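A.B. asks: One structure, as C-alpha coordinates, below. Some questions next.
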Amino acid sequence: MLSVGQLQEGVVLDHIPAGKAMDIYKRLKLDRLDCQVAMIMHAHSNKMGQKDIIKVEAPLEKLDLDALGFIDHTITVNIIRDGRIVEKQKLKLPKKLVNIIHCKNPRCISTIEQGLDQVFYLADEEHEIYRCRYCDEQYHSSKKKGV
(Lines give C-alpha, C1' and ligand atoms only; values in the text may rest on other atoms or scores of the structure.)
Protein backbone atom coordinates (compact mmCIF):
# COMPACT_ATOMS: atom_id res chain seq x y z
CA MET A 1 0.00 0.00 0.00
CA LEU A 2 1.20 3.51 -0.84
CA SER A 3 2.11 5.70 2.13
CA VAL A 4 2.30 9.48 2.05
CA GLY A 5 3.85 11.19 5.06
CA GLN A 6 1.86 12.98 7.70
CA LEU A 7 1.36 16.72 7.27
CA GLN A 8 2.41 18.77 10.31
CA GLU A 9 0.96 22.15 9.29
CA GLY A 10 -1.30 22.93 6.35
CA VAL A 11 -4.47 21.91 4.57
CA VAL A 12 -5.82 18.59 3.30
CA LEU A 13 -8.46 18.72 0.56
CA ASP A 14 -10.46 15.53 0.93
CA HIS A 15 -13.39 13.89 -0.87
CA ILE A 16 -12.30 15.11 -4.29
CA PRO A 17 -13.97 13.06 -7.03
CA ALA A 18 -11.49 10.52 -8.45
CA GLY A 19 -9.39 11.94 -11.27
CA LYS A 20 -10.10 15.63 -10.49
CA ALA A 21 -7.03 16.44 -8.32
CA MET A 22 -4.90 17.64 -11.23
CA ASP A 23 -7.63 20.01 -12.42
CA ILE A 24 -7.91 21.44 -8.90
CA TYR A 25 -4.12 21.72 -8.68
CA LYS A 26 -4.11 23.84 -11.84
CA ARG A 27 -7.20 25.91 -11.03
CA LEU A 28 -5.91 26.77 -7.53
CA LYS A 29 -2.48 27.57 -9.02
CA LEU A 30 -0.76 25.37 -6.46
CA ASP A 31 2.33 25.25 -8.68
CA ARG A 32 2.87 28.95 -7.89
CA LEU A 33 2.97 28.42 -4.13
CA ASP A 34 6.35 27.98 -2.46
CA CYS A 35 5.36 24.89 -0.48
CA GLN A 36 5.09 21.13 -0.68
CA VAL A 37 2.03 19.63 -2.33
CA ALA A 38 1.12 15.94 -2.39
CA MET A 39 -1.63 14.51 -4.58
CA ILE A 40 -3.11 11.10 -3.98
CA MET A 41 -5.27 9.96 -6.84
CA HIS A 42 -7.81 7.14 -6.96
CA ALA A 43 -7.50 6.34 -3.25
CA HIS A 44 -9.94 3.84 -1.80
CA SER A 45 -12.98 5.43 -0.15
CA ASN A 46 -15.81 3.61 1.63
CA LYS A 47 -18.13 6.53 0.92
CA MET A 48 -17.14 7.37 -2.68
CA GLY A 49 -15.55 4.18 -3.97
CA GLN A 50 -12.49 6.14 -5.11
CA LYS A 51 -11.39 9.66 -4.34
CA ASP A 52 -8.48 12.06 -4.73
CA ILE A 53 -6.75 13.89 -1.88
CA ILE A 54 -4.47 16.94 -2.01
CA LYS A 55 -2.16 17.81 0.89
CA VAL A 56 -0.79 21.35 0.91
CA GLU A 57 1.87 22.46 3.37
CA ALA A 58 0.64 26.06 3.49
CA PRO A 59 -1.80 28.12 5.56
CA LEU A 60 -5.44 28.11 4.53
CA GLU A 61 -5.19 31.79 3.52
CA LYS A 62 -2.96 30.79 0.57
CA LEU A 63 -5.84 28.84 -1.04
CA ASP A 64 -8.68 30.42 -2.99
CA LEU A 65 -11.70 28.88 -1.28
CA ASP A 66 -14.11 30.70 -3.62
CA ALA A 67 -12.49 28.99 -6.61
CA LEU A 68 -12.54 25.66 -4.77
CA GLY A 69 -16.20 26.10 -3.81
CA PHE A 70 -17.04 26.86 -7.43
CA ILE A 71 -15.09 23.84 -8.69
CA ASP A 72 -16.77 21.47 -6.23
CA HIS A 73 -18.42 22.61 -3.01
CA THR A 74 -18.65 19.01 -1.70
CA ILE A 75 -14.88 18.86 -1.06
CA THR A 76 -13.90 18.79 2.62
CA VAL A 77 -11.16 21.18 3.77
CA ASN A 78 -9.20 19.86 6.76
CA ILE A 79 -6.93 22.30 8.61
CA ILE A 80 -3.89 20.57 10.11
CA ARG A 81 -1.77 21.85 13.02
CA ASP A 82 0.85 19.82 14.87
CA GLY A 83 -0.02 16.79 12.74
CA ARG A 84 -3.69 16.77 13.76
CA ILE A 85 -6.94 17.89 12.17
CA VAL A 86 -8.01 20.93 14.20
CA GLU A 87 -10.90 22.00 11.98
CA LYS A 88 -13.00 20.68 9.12
CA GLN A 89 -14.62 23.16 6.79
CA LYS A 90 -17.42 22.41 4.39
CA LEU A 91 -17.37 24.51 1.26
CA LYS A 92 -20.36 26.27 -0.20
CA LEU A 93 -21.08 27.88 -3.52
CA PRO A 94 -19.66 31.40 -3.39
CA LYS A 95 -22.22 34.18 -3.88
CA LYS A 96 -19.74 36.14 -6.02
CA LEU A 97 -16.82 35.07 -8.21
CA VAL A 98 -14.09 37.52 -9.18
CA ASN A 99 -11.58 36.49 -11.89
CA ILE A 100 -12.30 32.77 -11.45
CA ILE A 101 -14.28 32.25 -14.64
CA HIS A 102 -14.26 34.44 -17.72
CA CYS A 103 -17.17 35.66 -19.79
CA LYS A 104 -17.27 34.11 -23.24
CA ASN A 105 -19.69 36.64 -24.67
CA PRO A 106 -17.61 38.51 -27.29
CA ARG A 107 -19.78 41.62 -26.88
CA CYS A 108 -19.41 41.78 -23.08
CA ILE A 109 -17.51 44.80 -21.76
CA SER A 110 -15.36 42.46 -19.63
CA THR A 111 -13.92 40.84 -22.79
CA ILE A 112 -13.19 44.20 -24.40
CA GLU A 113 -11.78 46.14 -21.43
CA GLN A 114 -8.53 44.38 -20.51
CA GLY A 115 -8.22 45.62 -16.90
CA LEU A 116 -11.83 44.97 -15.93
CA ASP A 117 -12.45 42.21 -13.36
CA GLN A 118 -14.50 39.23 -14.47
CA VAL A 119 -17.37 39.27 -11.95
CA PHE A 120 -20.12 36.66 -11.71
CA TYR A 121 -22.88 36.31 -9.15
CA LEU A 122 -24.80 33.22 -8.04
CA ALA A 123 -28.17 33.57 -9.74
CA ASP A 124 -29.67 30.14 -8.99
CA GLU A 125 -28.18 28.16 -6.11
CA GLU A 126 -30.29 25.03 -6.67
CA HIS A 127 -29.11 24.66 -10.29
CA GLU A 128 -25.67 26.17 -9.55
CA ILE A 129 -26.01 28.88 -12.18
CA TYR A 130 -23.83 31.99 -12.25
CA ARG A 131 -24.39 35.10 -14.35
CA CYS A 132 -21.96 37.72 -15.62
CA ARG A 133 -22.34 41.01 -13.77
CA TYR A 134 -22.06 43.00 -17.00
CA CYS A 135 -23.94 41.08 -19.70
CA ASP A 136 -25.93 38.45 -17.72
CA GLU A 137 -24.29 35.55 -19.62
CA GLN A 138 -25.11 32.27 -17.84
CA TYR A 139 -22.60 29.69 -16.55
CA HIS A 140 -23.10 26.48 -14.58
CA SER A 141 -20.75 25.59 -11.75
CA SER A 142 -17.99 23.11 -12.59
CA LYS A 143 -19.58 20.31 -10.54
CA LYS A 144 -22.86 20.42 -12.46
CA LYS A 145 -21.00 20.45 -15.78
CA GLY A 146 -18.76 17.57 -14.69
CA VAL A 147 -15.59 19.65 -15.15
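Simple scheme: letters A, B, ... for chains in C-alpha coordinates order, numbers from 1 for residues in each chain, numbers from 1 for ligands in the order shown.
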DSSP on the backbone, then: every residue of stretch 2-147 of chain A marked alpha helix (DSSP H), written as a PDB file with all heavy atoms, in the first residue's frame.
C.D. replies:
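Printed below is result.pdb as written:
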ATOM      1  N   ALA A  21      -8.067  15.741  -9.092  1.00  0.00           N
ATOM      2  CA  ALA A  21      -7.034  16.442  -8.318  1.00  0.00           C
ATOM      3  C   ALA A  21      -6.151  17.319  -9.197  1.00  0.00           C
ATOM      4  O   ALA A  21      -5.805  18.435  -8.810  1.00  0.00           O
ATOM      5  CB  ALA A  21      -6.186  15.451  -7.534  1.00  0.00           C
ATOM      6  N   MET A  22      -5.781  16.853 -10.366  1.00  0.00           N
ATOM      7  CA  MET A  22      -4.899  17.641 -11.226  1.00  0.00           C
ATOM      8  C   MET A  22      -5.589  18.912 -11.707  1.00  0.00           C
ATOM      9  O   MET A  22      -4.973  19.974 -11.765  1.00  0.00           O
ATOM     10  CB  MET A  22      -4.422  16.807 -12.416  1.00  0.00           C
ATOM     11  CG  MET A  22      -3.349  17.502 -13.230  1.00  0.00           C
ATOM     12  SD  MET A  22      -1.889  17.972 -12.280  1.00  0.00           S
ATOM     13  CE  MET A  22      -1.035  16.439 -12.213  1.00  0.00           C
ATOM     14  N   ASP A  23      -6.875  18.829 -12.020  1.00  0.00           N
ATOM     15  CA  ASP A  23      -7.633  20.011 -12.418  1.00  0.00           C
ATOM     16  C   ASP A  23      -7.667  21.025 -11.268  1.00  0.00           C
ATOM     17  O   ASP A  23      -7.463  22.222 -11.482  1.00  0.00           O
ATOM     18  CB  ASP A  23      -9.055  19.627 -12.827  1.00  0.00           C
ATOM     19  CG  ASP A  23      -9.883  20.821 -13.269  1.00  0.00           C
ATOM     20  OD1 ASP A  23      -9.369  21.645 -14.050  1.00  0.00           O
ATOM     21  OD2 ASP A  23     -11.040  20.932 -12.825  1.00  0.00           O
ATOM     22  N   ILE A  24      -7.889  20.552 -10.063  1.00  0.00           N
ATOM     23  CA  ILE A  24      -7.913  21.441  -8.899  1.00  0.00           C
ATOM     24  C   ILE A  24      -6.532  22.041  -8.662  1.00  0.00           C
ATOM     25  O   ILE A  24      -6.402  23.229  -8.378  1.00  0.00           O
ATOM     26  CB  ILE A  24      -8.437  20.692  -7.663  1.00  0.00           C
ATOM     27  CG1 ILE A  24      -9.935  20.421  -7.852  1.00  0.00           C
ATOM     28  CG2 ILE A  24      -8.161  21.463  -6.383  1.00  0.00           C
ATOM     29  CD1 ILE A  24     -10.558  19.520  -6.846  1.00  0.00           C
ATOM     30  N   TYR A  25      -5.504  21.240  -8.812  1.00  0.00           N
ATOM     31  CA  TYR A  25      -4.117  21.722  -8.679  1.00  0.00           C
ATOM     32  C   TYR A  25      -3.868  22.907  -9.611  1.00  0.00           C
ATOM     33  O   TYR A  25      -3.322  23.933  -9.214  1.00  0.00           O
ATOM     34  CB  TYR A  25      -3.161  20.569  -8.988  1.00  0.00           C
ATOM     35  CG  TYR A  25      -1.694  20.915  -8.915  1.00  0.00           C
ATOM     36  CD1 TYR A  25      -1.012  20.865  -7.705  1.00  0.00           C
ATOM     37  CD2 TYR A  25      -0.988  21.286 -10.056  1.00  0.00           C
ATOM     38  CE1 TYR A  25       0.344  21.173  -7.632  1.00  0.00           C
ATOM     39  CE2 TYR A  25       0.360  21.598  -9.985  1.00  0.00           C
ATOM     40  CZ  TYR A  25       1.018  21.539  -8.779  1.00  0.00           C
ATOM     41  OH  TYR A  25       2.352  21.849  -8.719  1.00  0.00           O
ATOM     42  N   LYS A  26      -4.300  22.772 -10.851  1.00  0.00           N
ATOM     43  CA  LYS A  26      -4.106  23.837 -11.840  1.00  0.00           C
ATOM     44  C   LYS A  26      -4.989  25.046 -11.547  1.00  0.00           C
ATOM     45  O   LYS A  26      -4.533  26.185 -11.602  1.00  0.00           O
ATOM     46  CB  LYS A  26      -4.399  23.318 -13.247  1.00  0.00           C
ATOM     47  CG  LYS A  26      -3.371  22.327 -13.746  1.00  0.00           C
ATOM     48  CD  LYS A  26      -3.784  21.745 -15.084  1.00  0.00           C
ATOM     49  CE  LYS A  26      -2.835  20.658 -15.519  1.00  0.00           C
ATOM     50  NZ  LYS A  26      -3.314  19.971 -16.718  1.00  0.00           N
ATOM     51  N   ARG A  27      -6.264  24.807 -11.244  1.00  0.00           N
ATOM     52  CA  ARG A  27      -7.204  25.911 -11.028  1.00  0.00           C
ATOM     53  C   ARG A  27      -6.874  26.720  -9.776  1.00  0.00           C
ATOM     54  O   ARG A  27      -7.108  27.913  -9.727  1.00  0.00           O
ATOM     55  CB  ARG A  27      -8.635  25.389 -10.936  1.00  0.00           C
ATOM     56  CG  ARG A  27      -9.142  24.670 -12.171  1.00  0.00           C
ATOM     57  CD  ARG A  27      -9.792  25.539 -13.224  1.00  0.00           C
ATOM     58  NE  ARG A  27     -10.939  26.276 -12.878  1.00  0.00           N
ATOM     59  CZ  ARG A  27     -12.188  25.930 -13.112  1.00  0.00           C
ATOM     60  NH1 ARG A  27     -12.464  24.775 -13.671  1.00  0.00           N
ATOM     61  NH2 ARG A  27     -13.171  26.730 -12.789  1.00  0.00           N
ATOM     62  N   LEU A  65     -10.554  29.713  -1.617  1.00  0.00           N
ATOM     63  CA  LEU A  65     -11.704  28.877  -1.285  1.00  0.00           C
ATOM     64  C   LEU A  65     -12.916  29.178  -2.154  1.00  0.00           C
ATOM     65  O   LEU A  65     -13.751  28.306  -2.365  1.00  0.00           O
ATOM     66  CB  LEU A  65     -12.058  29.016   0.192  1.00  0.00           C
ATOM     67  CG  LEU A  65     -11.025  28.471   1.174  1.00  0.00           C
ATOM     68  CD1 LEU A  65     -11.545  28.570   2.598  1.00  0.00           C
ATOM     69  CD2 LEU A  65     -10.633  27.035   0.854  1.00  0.00           C
ATOM     70  N   ASP A  66     -13.018  30.400  -2.693  1.00  0.00           N
ATOM     71  CA  ASP A  66     -14.110  30.697  -3.621  1.00  0.00           C
ATOM     72  C   ASP A  66     -13.957  29.868  -4.893  1.00  0.00           C
ATOM     73  O   ASP A  66     -14.916  29.284  -5.389  1.00  0.00           O
ATOM     74  CB  ASP A  66     -14.157  32.185  -3.969  1.00  0.00           C
ATOM     75  CG  ASP A  66     -14.767  33.025  -2.859  1.00  0.00           C
ATOM     76  OD1 ASP A  66     -15.442  32.457  -1.979  1.00  0.00           O
ATOM     77  OD2 ASP A  66     -14.572  34.247  -2.883  1.00  0.00           O
ATOM     78  N   ALA A  67     -12.736  29.808  -5.416  1.00  0.00           N
ATOM     79  CA  ALA A  67     -12.486  28.990  -6.610  1.00  0.00           C
ATOM     80  C   ALA A  67     -12.762  27.526  -6.305  1.00  0.00           C
ATOM     81  O   ALA A  67     -13.390  26.822  -7.093  1.00  0.00           O
ATOM     82  CB  ALA A  67     -11.052  29.172  -7.102  1.00  0.00           C
ATOM     83  N   LEU A  68     -12.321  27.061  -5.147  1.00  0.00           N
ATOM     84  CA  LEU A  68     -12.540  25.660  -4.773  1.00  0.00           C
ATOM     85  C   LEU A  68     -14.025  25.369  -4.596  1.00  0.00           C
ATOM     86  O   LEU A  68     -14.517  24.338  -5.051  1.00  0.00           O
ATOM     87  CB  LEU A  68     -11.764  25.340  -3.490  1.00  0.00           C
ATOM     88  CG  LEU A  68     -11.690  23.883  -3.091  1.00  0.00           C
ATOM     89  CD1 LEU A  68     -11.058  23.041  -4.190  1.00  0.00           C
ATOM     90  CD2 LEU A  68     -10.907  23.732  -1.804  1.00  0.00           C
ATOM     91  N   GLY A  69     -14.754  26.277  -3.969  1.00  0.00           N
ATOM     92  CA  GLY A  69     -16.202  26.104  -3.806  1.00  0.00           C
ATOM     93  C   GLY A  69     -16.925  26.077  -5.139  1.00  0.00           C
ATOM     94  O   GLY A  69     -17.895  25.348  -5.320  1.00  0.00           O
ATOM     95  N   PHE A  70     -16.452  26.866  -6.094  1.00  0.00           N
ATOM     96  CA  PHE A  70     -17.041  26.861  -7.429  1.00  0.00           C
ATOM     97  C   PHE A  70     -16.729  25.558  -8.154  1.00  0.00           C
ATOM     98  O   PHE A  70     -17.598  24.976  -8.795  1.00  0.00           O
ATOM     99  CB  PHE A  70     -16.519  28.048  -8.242  1.00  0.00           C
ATOM    100  CG  PHE A  70     -16.967  28.022  -9.676  1.00  0.00           C
ATOM    101  CD1 PHE A  70     -18.279  28.292 -10.005  1.00  0.00           C
ATOM    102  CD2 PHE A  70     -16.075  27.722 -10.691  1.00  0.00           C
ATOM    103  CE1 PHE A  70     -18.703  28.267 -11.327  1.00  0.00           C
ATOM    104  CE2 PHE A  70     -16.484  27.689 -12.014  1.00  0.00           C
ATOM    105  CZ  PHE A  70     -17.806  27.963 -12.330  1.00  0.00           C
ATOM    106  N   ILE A  71     -15.484  25.081  -8.024  1.00  0.00           N
ATOM    107  CA  ILE A  71     -15.086  23.838  -8.693  1.00  0.00           C
ATOM    108  C   ILE A  71     -15.915  22.672  -8.166  1.00  0.00           C
ATOM    109  O   ILE A  71     -16.481  21.896  -8.922  1.00  0.00           O
ATOM    110  CB  ILE A  71     -13.582  23.558  -8.487  1.00  0.00           C
ATOM    111  CG1 ILE A  71     -12.752  24.632  -9.196  1.00  0.00           C
ATOM    112  CG2 ILE A  71     -13.207  22.160  -8.966  1.00  0.00           C
ATOM    113  CD1 ILE A  71     -11.289  24.645  -8.767  1.00  0.00           C
ATOM    114  N   ILE A 109     -18.525  43.780 -22.067  1.00  0.00           N
ATOM    115  CA  ILE A 109     -17.511  44.796 -21.757  1.00  0.00           C
ATOM    116  C   ILE A 109     -16.284  44.180 -21.099  1.00  0.00           C
ATOM    117  O   ILE A 109     -15.164  44.646 -21.282  1.00  0.00           O
ATOM    118  CB  ILE A 109     -18.108  45.934 -20.882  1.00  0.00           C
ATOM    119  CG1 ILE A 109     -17.121  47.076 -20.697  1.00  0.00           C
ATOM    120  CG2 ILE A 109     -18.523  45.413 -19.518  1.00  0.00           C
ATOM    121  CD1 ILE A 109     -17.111  48.049 -21.807  1.00  0.00           C
ATOM    122  N   SER A 110     -16.484  43.078 -20.338  1.00  0.00           N
ATOM    123  CA  SER A 110     -15.357  42.458 -19.635  1.00  0.00           C
ATOM    124  C   SER A 110     -14.391  41.760 -20.596  1.00  0.00           C
ATOM    125  O   SER A 110     -13.239  41.529 -20.245  1.00  0.00           O
ATOM    126  CB  SER A 110     -15.851  41.473 -18.575  1.00  0.00           C
ATOM    127  OG  SER A 110     -16.484  40.371 -19.177  1.00  0.00           O
ATOM    128  N   THR A 111     -14.832  41.435 -21.807  1.00  0.00           N
ATOM    129  CA  THR A 111     -13.923  40.836 -22.788  1.00  0.00           C
ATOM    130  C   THR A 111     -13.219  41.904 -23.614  1.00  0.00           C
ATOM    131  O   THR A 111     -12.182  41.639 -24.208  1.00  0.00           O
ATOM    132  CB  THR A 111     -14.664  39.858 -23.730  1.00  0.00           C
ATOM    133  OG1 THR A 111     -15.686  40.556 -24.421  1.00  0.00           O
ATOM    134  CG2 THR A 111     -15.249  38.688 -22.967  1.00  0.00           C
ATOM    135  N   ILE A 112     -13.773  43.103 -23.629  1.00  0.00           N
ATOM    136  CA  ILE A 112     -13.194  44.204 -24.405  1.00  0.00           C
ATOM    137  C   ILE A 112     -12.216  45.012 -23.555  1.00  0.00           C
ATOM    138  O   ILE A 112     -11.111  45.320 -23.991  1.00  0.00           O
ATOM    139  CB  ILE A 112     -14.313  45.115 -24.956  1.00  0.00           C
ATOM    140  CG1 ILE A 112     -15.219  44.315 -25.888  1.00  0.00           C
ATOM    141  CG2 ILE A 112     -13.727  46.331 -25.654  1.00  0.00           C
ATOM    142  CD1 ILE A 112     -16.529  44.998 -26.218  1.00  0.00           C
ATOM    143  N   SER A 142     -18.783  24.209 -12.050  1.00  0.00           N
ATOM    144  CA  SER A 142     -17.991  23.112 -12.594  1.00  0.00           C
ATOM    145  C   SER A 142     -18.543  21.751 -12.200  1.00  0.00           C
ATOM    146  O   SER A 142     -18.495  20.810 -12.975  1.00  0.00           O
ATOM    147  CB  SER A 142     -16.539  23.237 -12.114  1.00  0.00           C
ATOM    148  OG  SER A 142     -15.991  24.431 -12.577  1.00  0.00           O
ATOM    149  N   LYS A 143     -19.065  21.611 -10.997  1.00  0.00           N
ATOM    150  CA  LYS A 143     -19.576  20.315 -10.540  1.00  0.00           C
ATOM    151  C   LYS A 143     -20.768  19.876 -11.383  1.00  0.00           C
ATOM    152  O   LYS A 143     -20.852  18.735 -11.782  1.00  0.00           O
ATOM    153  CB  LYS A 143     -19.968  20.386  -9.065  1.00  0.00           C
ATOM    154  CG  LYS A 143     -20.477  19.057  -8.550  1.00  0.00           C
ATOM    155  CD  LYS A 143     -20.177  18.897  -7.104  1.00  0.00           C
ATOM    156  CE  LYS A 143     -20.784  17.665  -6.510  1.00  0.00           C
ATOM    157  NZ  LYS A 143     -20.475  16.428  -7.104  1.00  0.00           N
ATOM    158  N   LYS A 144     -21.685  20.763 -11.662  1.00  0.00           N
ATOM    159  CA  LYS A 144     -22.861  20.415 -12.463  1.00  0.00           C
ATOM    160  C   LYS A 144     -22.471  20.057 -13.895  1.00  0.00           C
ATOM    161  O   LYS A 144     -23.078  19.223 -14.516  1.00  0.00           O
ATOM    162  CB  LYS A 144     -23.868  21.558 -12.477  1.00  0.00           C
ATOM    163  CG  LYS A 144     -24.642  21.719 -11.203  1.00  0.00           C
ATOM    164  CD  LYS A 144     -25.655  20.637 -11.065  1.00  0.00           C
ATOM    165  CE  LYS A 144     -26.487  20.871  -9.826  1.00  0.00           C
ATOM    166  NZ  LYS A 144     -27.429  19.861  -9.556  1.00  0.00           N
ATOM    167  N   LYS A 145     -21.433  20.709 -14.412  1.00  0.00           N
ATOM    168  CA  LYS A 145     -21.005  20.446 -15.779  1.00  0.00           C
ATOM    169  C   LYS A 145     -20.101  19.230 -15.855  1.00  0.00           C
ATOM    170  O   LYS A 145     -19.775  18.767 -16.942  1.00  0.00           O
ATOM    171  CB  LYS A 145     -20.248  21.665 -16.332  1.00  0.00           C
ATOM    172  CG  LYS A 145     -21.143  22.832 -16.657  1.00  0.00           C
ATOM    173  CD  LYS A 145     -20.411  24.080 -17.025  1.00  0.00           C
ATOM    174  CE  LYS A 145     -19.303  23.896 -17.992  1.00  0.00           C
ATOM    175  NZ  LYS A 145     -18.602  25.124 -18.345  1.00  0.00           N
TER     176      LYS A 145
END
A.B. asks: Pick from A:Thr76, A:Lys104, A:Glu137, A:Gln8: nearest to A:Lys88, with only C-alpha atoms counted?
C.D. replies: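 Looking only at the distances to A:Lys88, the closest residue turns out to be A:Thr76.
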A.B. asks: Tell me which of A:Ala58, A:Met48, A:Val86, A:Leu63 sits closest to A:His15, counting only C-alpha atoms.
C.D. replies: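 The answer is A:Met48, which sits nearest to A:His15.
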A.B. asks: Once DSSP has gone over the backbone, tell me which residues of chain A are in strand (DSSP E), as a PyMOL selection string.
C.D. replies: chain A and resi 10-17+37-45+49-56+76-81+84-90+96-98+119-124+129-132+138-140
A.B. asks: Out of A:Val77, A:Cys135, A:His140, A:Ile85, which residue has the shortest atom-to-atom distance to A:Pro106 when counting only C-alpha atoms?
C.D. replies: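 Among A:Val77, A:Cys135, A:His140, A:Ile85, it is A:Cys135 that comes nearest to A:Pro106.
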